[in-house]
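Here the structure comes first, spelled out in structure tokens, and everything after it is commentary.
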Amino acid sequence: MKARVFVTLKNGVLDPQGKAIGHALNGLGFGAVGEVRQGKVIDIDLAESDAEKARSDLKAMCEKLLANTVIEKYEIELKA
Amino acid sequence: MKARVFVTLKNGVLDPQGKAIGHALNGLGFGAVGEVRQGKVIDIDLAESDAEKARSDLKAMCEKLLANTVIEKYEIELKA
Amino acid sequence: MTAITPELVKEHGLSDDEYAHIKRLMNREPTLVELGIFSVMWSEHCSYKSTRVHLAKLPTKASWVIQGPGENAGVIDIGDGDACIFKMESHNHPSFIEPYQGAATGVGGIMRDVFTMGARPVAMMNALRFGEPSHPKTRHLVSGVVRGIGGYGNCMGVPTVGGEVNFHKSYNGNILVNAMCVGLARTDKIFKSAAKGAGNPVVYIGSKTGRDGIHGATMASAEFDDASEEKRPTVQVGDPFTEKLLLEACLELMATDAIIAIQDMGAAGLTSSSAEMGDKGGSGIELDLDKVPQREANMTAYDMMLSESQERMLAVLKPGREAEAEAIFKKWELDFAVIGITTDTKRLVVKHKGEVVADMPITALSDEAPKYSRPFEIRPAATGAPSFDKSKPVMASLKTILAAPDMASRRWVWEQYDVSVMSDTVQAPGGDSAVVRVHGTKKGLAITTDVTPRYCKADPFEGAKQAVAEAWRNITAVGARPLAVTDNLNFGNPQKPQIMGEIVAGIDGIGEACRALDFPVIGGNCSLYNETNGEGILPTPAIGGVGLMKDVAKSATIAFKRNVDVIMLVGETKGHLGQSIYLREIEGREEGAAPRVHLPSEKRNGDFVRLLIEAGGIDTVHDISDGGLLVAIAEMCLAGKMGANIRLPDGSDPIPFLFGEDQARYVVAFPSAMSVRVTDTARNHGVPHVLIGCTAPDKLLVEGIGELPVSELRTAHEGWFPRYMSGEEVPVTN
Amino acid sequence: MKSAVVVFPASNCDRDAATALEQMTGRPAHMVWHQDSELPDVDLVVLPGGFSYGDYLRCGAMASQSKIIQAVKAHAERGGAVLGICNGFQVLTESHLLPGALIRNADLKFVCRSVALEVDETQSAFTRKYDKGQKVSFPVAHGEGNYVADEETLNRLEGEGRVVFRYAAGDNPNGSSRNIAGILNEKRNVLGLMPHPERVVDPLLGGTDGRAMFESLIEALS
Ligand SMILES: Nc1ncnc2c1ncn2[C@@H]1O[C@H](COP(=O)(O)OP(=O)(O)O)[C@@H](O)[C@H]1O
Ligand SMILES: [Mg+2]
């Protein structure tokens, strides 16, 4: 099974990278660009066929390691 | 309009981060974890109502700035 | 089996004659894998086929040289059982394609060259040349290269302590990224690459092999990889984390006596490392590719032999020591595999999936590799003393020069490098040489990289001499004794007689200067075919120099230190403006003869300056290079946060005197009480010298000419780089 | 004072910390491998600077999952002193031994230079030999030293005198909230800071302003 985990900054947490990207895009002439936030996407191959189990494992991985829940939130997406 | 851009390493390009994360997850007891690849997700607020135009702008942003097309590929997702 | 067509031969960069020679050596048609192996081993990069005959003329010996050119890096004896191991290498082309990864893997590669010999890297340098600032790619390249160097070196925990940055339009489409690594080992613990003896296990350590940077990738992807949807990226991605583990694991293994030979997998990875180890050991090597740790599925033998995946090493162990070695690499969580064995056949035999895919005499890859005496044409050197406008205001010119892209402070660059990790950096970037203490002792290494490409363009021979002389001078200026150099010869296409002429003259110039200064060449690297649209880059033979001082506490720095110190100019000033920064930045011309280096004067003046520093009490020295005397003094004011009052000697012509780039000169400052002793010593050594003023608060004043607050000079000097990089300013220069 | 330095894969200021400790205390520090589950009997544990696990994912994240961290937590729990420098500070926030987080420098660049700091708090084992408000100069060398925490946490840190070092006004190298350079835990026995005190104990290497931190610890813990 393949899983995709999104780790993004919580609202209100400063995002220097996103800010810099937004600034650079405006500078390149993309005037319609407003706020930009950057996060991580982590693609994981999982040798697990039970979706329930996979989801609960992924949740544990996020809590333990993949996200710093002080400043980040996460979403889990399971694929095929 | 909101857009989400995924920037990930092309296949075959070494992903040191993904490799280290996979290794760490295995070490934490998540034995089912196989290959891990890490990429970026960039969320963009766009003051643009024409989806066509938005998509072509986003493509230009990816080519120009968001993705390093020598080693990275990108996907664009438009949301309402 | 794939038939070897003429197209395939051509795509492998081999000429018809070369291919005919291969068939003779093999007594048959090579297999595709063998063709690939020949193509990389006979490439310019691995075989030095255009330069070998000329490089042989360089002086490489001295009583303190333990290892000259020929191993992964050169080694010198620095006393007390300590050895210093260093080397410089280019990563020009990859850095232009992908500046971050190109520069990062360049740093990683040169570090492996040094630690494969048993040394712990202790300092990094980087010599960078970019296109003109107004070129649309330049800013992006500067940003990526500097981040890449920092990204890799900082993670490794090795301080990056200096380098060079130049901008010139000749590099618009072909930047130069030369990185130098300096390491320390014990003289009795130096590791080499000769795989002596038969029946010894060949082990693979480090990262897994992927399809990174495979040569002839266009061909290969069509031939063997119809399944893959994307064109294979030829860019290698660096993994400094793995390299750091590899460093620690190798040093741990080296502390045992299990290793017979070890060699990093650099360009042409498994191929060149195994061929070179077999060649040097006079043995054969048999590899079983099924045992190679692989990152991707379905890798072919061709892929594996030609892969340039980073962070890998090949070692030959004493039989029976495999388990011990494996335990060390397991601890550091690195791949370890026995992938072959040494033999007494002097052949490289490669097996894959039960088949022999290559079986070739190793000498065919080394001794039999082509060696060319290419035709060359030595272009006459530029001559003449250019005219200049005597009425241009000196102080305004000084300010302009200090803010010129080639002269502005490089703080923006070096602040992105960890300069003080390892707690031995006595002099960080900003001075003449970096000074790094030998851990746990009072001794120090002085390290510099130098070359002035515009001189080399005007006069390849004198320019190359000057590069060596300037390196020697920079080391001397901190009070160290120059010991040896590594070079990085960056030139255009050697198949053009004019370019080949630059190469030959350049090597001759280096040779002459190194001989005269007792400064042997112990290693180096050639990067040829650096061209933009058929135009060669400025000839750029970068010189990395290393020197030794007995007591780092005595090292001199460029900063003025006390008010009313006497300022002395050492060396003869004729006011040479040809090819000077003044001429280029103020008059807008690059012309005239390059300054000549009179090597005996260089040696005499430098030995005198070093003597002063070593005797103690003299702590302020700066050599005079780009920009001439007034620029050197301004730099000393800036570093010392104080000013100076300068008086021109009677009868001197201000502009040539203040901005001329005559060689073999230094500025020295000391308390007036020492004047008599210093001038007497100078006289006794026959060293031309003149007292030209004294230090002062806050202002740089040239009597009868003008003055400027040091703060104003600082704004000019510090401002350009950050402003340019933030995108505010794109000046048109050179 | 007995001390230990934890070595994570790709720590790179471990030797610097050990050298400074030995120079200041006269005895060698124990080097402790991250896979070990026990600490030797020491007064001070140092989590050194560097790039543990390459700083991949997030700085300090993977190191915070190392076996030894349980022992470090127990040591702190018992009142033992813990000093996290640079990457060590990041490990401490990732292990929740200290509040908040360290994110990318505001200008996104790695920065290595000497910065001016103010000692804000001298009521600690780490800083008792400094004067309150004293200006000192330590080098920084990091890409992610931008301290963030919610307002409540920041107010609490300030209110409880747990902000120990601040970047002097105008010399904040990373955009850190309220110029915070180093903070204490509630029990005041765990200090994390981005600047490197261990790089300023030798006059030949750019200053001695870091010595007072080691002298404070020696006095407090011996
Ligand atoms: N790429 C770089 N990385 C680090 N330091 C650099 C770099 N380029 C220049 N520097 C530093 O800036 C200072 C001035 O450089 P340069 O003018 O080339 O010196 P010099 O004329 O003495 O050879 C030196 O201390 C040098 O080490
Ligand atoms: Mg100099």
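Residues are named by chain letter and number: chains run A, B, ... in the order of the structure tokens, numbers start at 1 in each chain, and ligands are numbered from 1 in the order shown.
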Can you check which residues of chain D have any atom within 10 Å of chain A? Use only C-alpha atoms and format it as a list in words.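 The complete set of qualifying residues is Leu57, Arg58, Ala61, Met62, Ser64, Gln65, Thr93, Glu94, Ser95, His96, Pro99, Gly100, Ala101, Leu102, Ile103, Arg104, Asn105, Ala106, Asp107, Leu108, Asn146, Val148, Ala149, Asp150 and Gly175 of chain D.
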Once DSSP has gone over the backbone, tell me which residues of segment 227-363 of chain C are in alpha helix (DSSP H), as number ranges by chain. C: 240-254, 269-281, 301-306, 322-331
Return the single residue from C:Val202, C:Val235, C:Cys84, C:Val394 that is closest to chain B, with distances computed using only C-alpha atoms.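 Using only C-alpha atoms, the shortest distance to chain B belongs to C:Val235.
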Check every residue of chain C for an atom within 12 Å of chain B, counting only C-alpha atoms, and provide those that qualify as a ChimeraX atom specification. /C:94-102,140,144,207-214,228-243,294-299,308-311,333-334
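The environment of Glu324 of chain C within 10 Å, counting only C-alpha atoms and disregarding residues fewer than 3 places along the same chain, consists of Leu253, Thr256, Ala258, Gly320, Arg321, Ala327, Ile328 and Phe329 of chain C.
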Would you mind exporting the chosen residues as a compact mmCIF listing (two decimals), in the first residue's frame, restricted to N, CA, C and O atoms?
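Output (part_21.txt):
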```txt
# COMPACT_ATOMS: atom_id res chain seq x y z
N LEU C 253 37.74 2.26 11.10
CA LEU C 253 38.34 1.07 10.50
C LEU C 253 39.84 1.26 10.32
O LEU C 253 40.64 0.33 10.50
N THR C 256 42.27 0.29 13.00
CA THR C 256 42.68 -1.11 13.08
C THR C 256 43.76 -1.31 12.02
O THR C 256 44.11 -0.39 11.30
N ALA C 258 43.32 -3.58 9.50
CA ALA C 258 42.63 -4.52 8.62
C ALA C 258 42.73 -4.15 7.14
O ALA C 258 42.44 -4.96 6.27
N GLY C 320 40.04 -12.45 6.29
CA GLY C 320 39.63 -12.80 7.64
C GLY C 320 39.21 -11.61 8.49
O GLY C 320 38.73 -11.77 9.60
N ARG C 321 39.39 -10.39 7.97
CA ARG C 321 39.05 -9.22 8.77
C ARG C 321 37.68 -8.64 8.40
O ARG C 321 37.31 -7.57 8.88
N ALA C 327 31.30 -4.97 11.28
CA ALA C 327 30.70 -4.51 12.54
C ALA C 327 30.80 -2.99 12.65
O ALA C 327 29.87 -2.32 13.11
N ILE C 328 31.93 -2.45 12.22
CA ILE C 328 32.10 -0.99 12.28
C ILE C 328 31.08 -0.30 11.37
O ILE C 328 30.42 0.67 11.75
N PHE C 329 30.93 -0.82 10.15
CA PHE C 329 30.01 -0.15 9.23
C PHE C 329 28.55 -0.34 9.65
O PHE C 329 27.72 0.52 9.43
```
Name the residues, by chain letter and number, that sit within 8 Å of ligand 1 using only C-alpha atoms and all ligand atoms, and give them as a PyMOL selection string. chain C and resi 125-128+146+160-165+406-407+409-411+413-414+417+428-434+448-451+470-471+474+622-626
For the residues in that selection, give me N, CA, C and O atoms as a short mmCIF file (atom, residue, chain, number, x, y, z; two decimals), in the first residue's frame.
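This went into again00.cif:
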```cif
data_model
loop_
_atom_site.label_atom_id
_atom_site.label_comp_id
_atom_site.auth_asym_id
_atom_site.auth_seq_id
_atom_site.Cartn_x
_atom_site.Cartn_y
_atom_site.Cartn_z
N MET C 125 38.44 24.94 1.42
CA MET C 125 38.54 26.21 0.69
C MET C 125 37.70 26.08 -0.57
O MET C 125 37.47 24.97 -1.04
N ASN C 126 37.31 27.21 -1.15
CA ASN C 126 36.61 27.13 -2.42
C ASN C 126 36.96 28.31 -3.31
O ASN C 126 36.90 29.45 -2.91
N ALA C 127 37.38 27.99 -4.53
CA ALA C 127 37.76 29.03 -5.50
C ALA C 127 36.69 29.04 -6.58
O ALA C 127 36.50 28.06 -7.28
N LEU C 128 35.96 30.16 -6.65
CA LEU C 128 34.77 30.23 -7.50
C LEU C 128 34.90 31.31 -8.56
O LEU C 128 35.37 32.40 -8.29
N VAL C 146 27.03 28.67 -3.39
CA VAL C 146 27.42 28.98 -2.02
C VAL C 146 26.58 28.17 -1.03
O VAL C 146 27.10 27.59 -0.08
N THR C 160 34.86 25.79 6.63
CA THR C 160 35.24 26.32 5.32
C THR C 160 35.88 27.67 5.60
O THR C 160 35.23 28.58 6.09
N VAL C 161 37.17 27.76 5.34
CA VAL C 161 37.92 28.89 5.90
C VAL C 161 38.42 29.89 4.87
O VAL C 161 39.10 30.86 5.24
N GLY C 162 38.09 29.72 3.62
CA GLY C 162 38.53 30.74 2.68
C GLY C 162 38.30 30.33 1.25
O GLY C 162 37.73 29.28 0.96
N GLY C 163 38.77 31.20 0.37
CA GLY C 163 38.60 30.92 -1.05
C GLY C 163 38.73 32.18 -1.87
O GLY C 163 39.35 33.15 -1.45
N GLU C 164 38.13 32.13 -3.04
CA GLU C 164 38.16 33.27 -3.95
C GLU C 164 36.83 33.33 -4.67
O GLU C 164 36.20 32.29 -4.89
N VAL C 165 36.45 34.54 -5.08
CA VAL C 165 35.28 34.70 -5.95
C VAL C 165 35.64 35.74 -7.01
O VAL C 165 36.07 36.83 -6.68
N ASP C 406 34.57 42.29 -8.12
CA ASP C 406 35.72 41.44 -7.85
C ASP C 406 36.46 41.82 -6.58
O ASP C 406 37.34 41.08 -6.14
N MET C 407 36.14 42.97 -6.02
CA MET C 407 36.92 43.47 -4.89
C MET C 407 36.11 43.62 -3.60
O MET C 407 36.68 43.72 -2.52
N SER C 409 33.77 43.01 -0.33
CA SER C 409 33.88 42.01 0.72
C SER C 409 33.06 40.77 0.37
O SER C 409 31.95 40.86 -0.13
N ARG C 410 33.62 39.61 0.65
CA ARG C 410 32.95 38.32 0.42
C ARG C 410 32.22 37.84 1.66
O ARG C 410 31.92 36.65 1.78
N ARG C 411 31.95 38.74 2.60
CA ARG C 411 31.28 38.34 3.84
C ARG C 411 29.97 37.60 3.56
O ARG C 411 29.64 36.61 4.22
N VAL C 413 29.31 35.64 1.37
CA VAL C 413 29.62 34.24 1.07
C VAL C 413 30.02 33.50 2.33
O VAL C 413 29.41 32.50 2.72
N TRP C 414 31.05 33.99 3.00
CA TRP C 414 31.61 33.15 4.07
C TRP C 414 30.74 33.09 5.30
O TRP C 414 30.88 32.16 6.09
N TYR C 417 29.09 29.84 5.66
CA TYR C 417 29.92 28.68 5.95
C TYR C 417 30.23 28.64 7.44
O TYR C 417 30.55 29.66 8.03
N ALA C 428 39.95 33.11 10.37
CA ALA C 428 38.81 32.78 9.52
C ALA C 428 38.93 33.61 8.23
O ALA C 428 39.86 34.39 8.09
N PRO C 429 38.00 33.44 7.27
CA PRO C 429 38.10 34.22 6.04
C PRO C 429 38.18 35.73 6.33
O PRO C 429 37.63 36.21 7.30
N GLY C 430 38.84 36.43 5.43
CA GLY C 430 38.99 37.86 5.58
C GLY C 430 40.44 38.29 5.62
O GLY C 430 40.75 39.47 5.45
N GLY C 431 41.33 37.35 5.83
CA GLY C 431 42.75 37.69 5.86
C GLY C 431 43.46 37.17 4.64
O GLY C 431 42.84 36.83 3.64
N ASP C 432 44.79 37.09 4.71
CA ASP C 432 45.56 36.63 3.56
C ASP C 432 45.50 35.11 3.42
O ASP C 432 45.29 34.59 2.34
N SER C 433 45.73 34.41 4.51
CA SER C 433 45.55 32.96 4.52
C SER C 433 44.67 32.63 5.70
O SER C 433 44.66 33.35 6.69
N ALA C 434 43.97 31.53 5.58
CA ALA C 434 43.30 31.01 6.77
C ALA C 434 44.38 30.35 7.62
O ALA C 434 45.37 29.83 7.10
N THR C 448 45.63 28.84 1.56
CA THR C 448 45.14 29.87 0.65
C THR C 448 44.86 29.27 -0.73
O THR C 448 45.39 28.22 -1.06
N THR C 449 44.01 29.93 -1.49
CA THR C 449 43.90 29.59 -2.92
C THR C 449 44.03 30.88 -3.71
O THR C 449 43.50 31.92 -3.30
N ASP C 450 44.75 30.83 -4.80
CA ASP C 450 45.00 32.04 -5.58
C ASP C 450 45.16 31.78 -7.05
O ASP C 450 45.75 30.78 -7.45
N VAL C 451 44.68 32.71 -7.83
CA VAL C 451 45.05 32.88 -9.23
C VAL C 451 44.39 34.18 -9.69
O VAL C 451 43.32 34.54 -9.20
N GLU C 470 51.61 34.41 -5.52
CA GLU C 470 50.64 35.03 -4.61
C GLU C 470 50.25 34.06 -3.50
O GLU C 470 50.08 34.46 -2.35
N ALA C 471 50.11 32.80 -3.83
CA ALA C 471 49.80 31.81 -2.79
C ALA C 471 50.93 31.78 -1.76
O ALA C 471 50.70 31.79 -0.55
N ASN C 474 50.76 34.90 0.33
CA ASN C 474 49.65 34.91 1.30
C ASN C 474 49.98 34.05 2.52
O ASN C 474 49.62 34.39 3.64
N HIS C 622 50.05 42.51 5.53
CA HIS C 622 49.12 42.21 4.44
C HIS C 622 49.93 42.20 3.15
O HIS C 622 50.76 43.09 2.96
N ASP C 623 49.71 41.21 2.32
CA ASP C 623 50.40 41.25 1.04
C ASP C 623 49.65 42.20 0.11
O ASP C 623 48.48 42.51 0.34
N ILE C 624 50.33 42.65 -0.92
CA ILE C 624 49.69 43.58 -1.86
C ILE C 624 49.37 42.80 -3.12
O ILE C 624 50.26 42.21 -3.73
N SER C 625 48.09 42.77 -3.48
CA SER C 625 47.73 42.06 -4.70
C SER C 625 46.76 42.91 -5.49
O SER C 625 47.05 44.08 -5.77
N ASP C 626 45.60 42.36 -5.84
CA ASP C 626 44.58 43.09 -6.61
C ASP C 626 44.34 44.48 -6.03
O ASP C 626 44.01 44.63 -4.87
#
```
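Near Arg683 of chain C, within 12 Å and counting only C-alpha atoms, sit Val570, Gly571, Arg604, Asn605, Phe608, Val676, Arg677, Val678, Pro688, His689 and Val690 of chain C; same-chain residues fewer than 5 positions away were not included.
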Would you mind writing down, as a PyMOL selection string, each residue of chain A that DSSP on the backbone assigns to strand (DSSP E or B)? chain A and resi 2-9+33-46+72-79
Write to file, as a CSV table (one decimal), in the first residue's frame, the residues of the selection just made, with N, CA, C and O atoms.
```csv
chain,number,residue,atom,x,y,z
A,2,LYS,N,0.4,2.3,-0.7
A,2,LYS,CA,1.2,3.5,-0.7
A,2,LYS,C,0.4,4.6,0.1
A,2,LYS,O,-0.8,4.6,0.1
A,3,ALA,N,1.1,5.3,0.9
A,3,ALA,CA,0.5,6.4,1.7
A,3,ALA,C,1.2,7.7,1.4
A,3,ALA,O,2.4,7.8,1.1
A,4,ARG,N,0.4,8.8,1.5
A,4,ARG,CA,1.0,10.1,1.4
A,4,ARG,C,0.6,10.9,2.6
A,4,ARG,O,-0.5,10.9,3.0
A,5,VAL,N,1.6,11.4,3.3
A,5,VAL,CA,1.4,12.2,4.5
A,5,VAL,C,1.8,13.7,4.2
A,5,VAL,O,2.8,13.9,3.6
A,6,PHE,N,0.9,14.5,4.6
A,6,PHE,CA,1.1,16.0,4.4
A,6,PHE,C,1.4,16.5,5.8
A,6,PHE,O,0.7,16.3,6.7
A,7,VAL,N,2.5,17.2,5.9
A,7,VAL,CA,2.9,17.9,7.2
A,7,VAL,C,3.0,19.4,6.9
A,7,VAL,O,3.8,19.8,6.1
A,8,THR,N,2.1,20.1,7.5
A,8,THR,CA,2.1,21.6,7.2
A,8,THR,C,2.0,22.4,8.5
A,8,THR,O,1.7,21.8,9.5
A,9,LEU,N,2.5,23.6,8.4
A,9,LEU,CA,2.5,24.4,9.6
A,9,LEU,C,1.1,24.7,10.1
A,9,LEU,O,0.2,25.0,9.2
A,33,VAL,N,-0.6,36.2,-6.9
A,33,VAL,CA,-0.2,35.3,-5.8
A,33,VAL,C,-0.3,36.1,-4.4
A,33,VAL,O,0.2,37.1,-4.2
A,34,GLY,N,-1.1,35.5,-3.6
A,34,GLY,CA,-1.3,36.0,-2.2
A,34,GLY,C,-0.5,35.2,-1.3
A,34,GLY,O,0.7,35.0,-1.5
A,35,GLU,N,-1.1,34.7,-0.2
A,35,GLU,CA,-0.3,34.0,0.8
A,35,GLU,C,0.2,32.7,0.3
A,35,GLU,O,-0.5,32.0,-0.5
A,36,VAL,N,1.4,32.3,0.6
A,36,VAL,CA,2.0,31.1,0.3
A,36,VAL,C,2.5,30.4,1.5
A,36,VAL,O,3.1,31.0,2.4
A,37,ARG,N,2.1,29.1,1.6
A,37,ARG,CA,2.7,28.3,2.8
A,37,ARG,C,3.3,27.1,2.2
A,37,ARG,O,2.8,26.4,1.3
A,38,GLN,N,4.5,26.7,2.8
A,38,GLN,CA,5.2,25.5,2.3
A,38,GLN,C,5.1,24.4,3.4
A,38,GLN,O,5.3,24.7,4.6
A,39,GLY,N,4.9,23.2,2.9
A,39,GLY,CA,4.9,22.1,3.9
A,39,GLY,C,5.6,20.9,3.2
A,39,GLY,O,6.3,21.1,2.2
A,40,LYS,N,5.5,19.8,3.9
A,40,LYS,CA,6.2,18.6,3.4
A,40,LYS,C,5.2,17.6,2.9
A,40,LYS,O,4.1,17.5,3.5
A,41,VAL,N,5.6,16.8,1.9
A,41,VAL,CA,4.8,15.7,1.6
A,41,VAL,C,5.7,14.5,1.6
A,41,VAL,O,6.8,14.5,1.2
A,42,ILE,N,5.2,13.4,2.4
A,42,ILE,CA,6.1,12.3,2.5
A,42,ILE,C,5.3,11.1,2.0
A,42,ILE,O,4.2,10.7,2.4
A,43,ASP,N,5.9,10.4,1.0
A,43,ASP,CA,5.3,9.3,0.3
A,43,ASP,C,6.0,8.0,0.9
A,43,ASP,O,7.2,7.9,1.0
A,44,ILE,N,5.1,7.1,1.4
A,44,ILE,CA,5.6,5.9,2.1
A,44,ILE,C,5.1,4.7,1.5
A,44,ILE,O,3.9,4.5,1.2
A,45,ASP,N,5.9,3.7,1.2
A,45,ASP,CA,5.5,2.4,0.7
A,45,ASP,C,5.3,1.6,2.0
A,45,ASP,O,6.2,1.5,2.8
A,46,LEU,N,4.1,1.0,2.1
A,46,LEU,CA,3.8,0.3,3.4
A,46,LEU,C,3.5,-1.2,3.0
A,46,LEU,O,2.6,-1.4,2.2
A,72,GLU,N,3.2,21.9,13.9
A,72,GLU,CA,2.7,21.4,12.6
A,72,GLU,C,1.4,20.5,12.8
A,72,GLU,O,1.2,19.9,13.8
A,73,LYS,N,0.7,20.4,11.7
A,73,LYS,CA,-0.4,19.5,11.7
A,73,LYS,C,-0.2,18.5,10.5
A,73,LYS,O,0.7,18.8,9.7
A,74,TYR,N,-1.0,17.4,10.5
A,74,TYR,CA,-0.7,16.5,9.4
A,74,TYR,C,-2.0,15.9,8.9
A,74,TYR,O,-3.1,15.9,9.5
A,75,GLU,N,-2.0,15.4,7.6
A,75,GLU,CA,-3.1,14.7,7.0
A,75,GLU,C,-2.5,13.4,6.4
A,75,GLU,O,-1.4,13.4,5.9
A,76,ILE,N,-3.3,12.4,6.4
A,76,ILE,CA,-2.9,11.1,5.9
A,76,ILE,C,-3.8,10.7,4.7
A,76,ILE,O,-5.0,10.9,4.8
A,77,GLU,N,-3.2,10.3,3.6
A,77,GLU,CA,-3.9,9.9,2.5
A,77,GLU,C,-3.5,8.5,2.1
A,77,GLU,O,-2.3,8.2,1.9
A,78,LEU,N,-4.4,7.5,2.0
A,78,LEU,CA,-4.0,6.2,1.6
A,78,LEU,C,-4.3,6.0,0.1
A,78,LEU,O,-5.4,6.5,-0.4
A,79,LYS,N,-3.4,5.3,-0.6
A,79,LYS,CA,-3.7,5.1,-2.0
A,79,LYS,C,-3.6,3.6,-2.2
A,79,LYS,O,-2.7,2.9,-1.7
```
May I ask you to extract the residues of chain D within 8 Å of chain C, using only C-alpha atoms, and to give them as a list in words? Pro9, Ala10, Asn12, Cys13, Arg15, Asp16, Gly50, Phe51, Tyr53, Gly54, Lys109, Phe110, Val111, Cys112, Arg113, Ala141, Arg199, Leu204, Leu205 and Gly206 of chain D
Would you list the contacts of Glu198 of chain D as a ChimeraX atom specification, taking every protein, DNA or RNA residue within 7 Å and counting only C-alpha atoms, but skipping same-chain residues closer than 5 positions in sequence? /D:16-17,20,210
Compare C:Pro201, C:Pro460, C:Pro136, C:Gly628 by their minimum atom-to-atom distance to ligand 2, counting only C-alpha atoms and all ligand atoms, and give me the closest one.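 Ranking C:Pro201, C:Pro460, C:Pro136, C:Gly628 by distance to ligand 2, first place goes to C:Gly628.
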Write out as a VMD selection string the residues lying within 10 Å of Ala185 of chain C, counting only C-alpha atoms and excluding same-chain residues fewer than 2 positions away. chain C and resid 75 77 81 to 85 114 to 115 117 to 121 183 187 to 191
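Restricting the calculation to only C-alpha atoms, the smallest distance between chain A and any of B:Ala47, B:Leu58, B:Asn26, B:Glu52 is found for B:Ala47.
With distances restricted to only C-alpha atoms and all ligand atoms, C:Gly627 is the closest residue to ligand 2 from C:Gly627, C:Gly547, C:Pro654, C:Pro497.
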What does the distance between atom CA of Leu184 of chain D and atom CA of Val82 of chain D come to in Å, to one decimal place?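 That distance, rounded to one decimal, is 9.8 Å.
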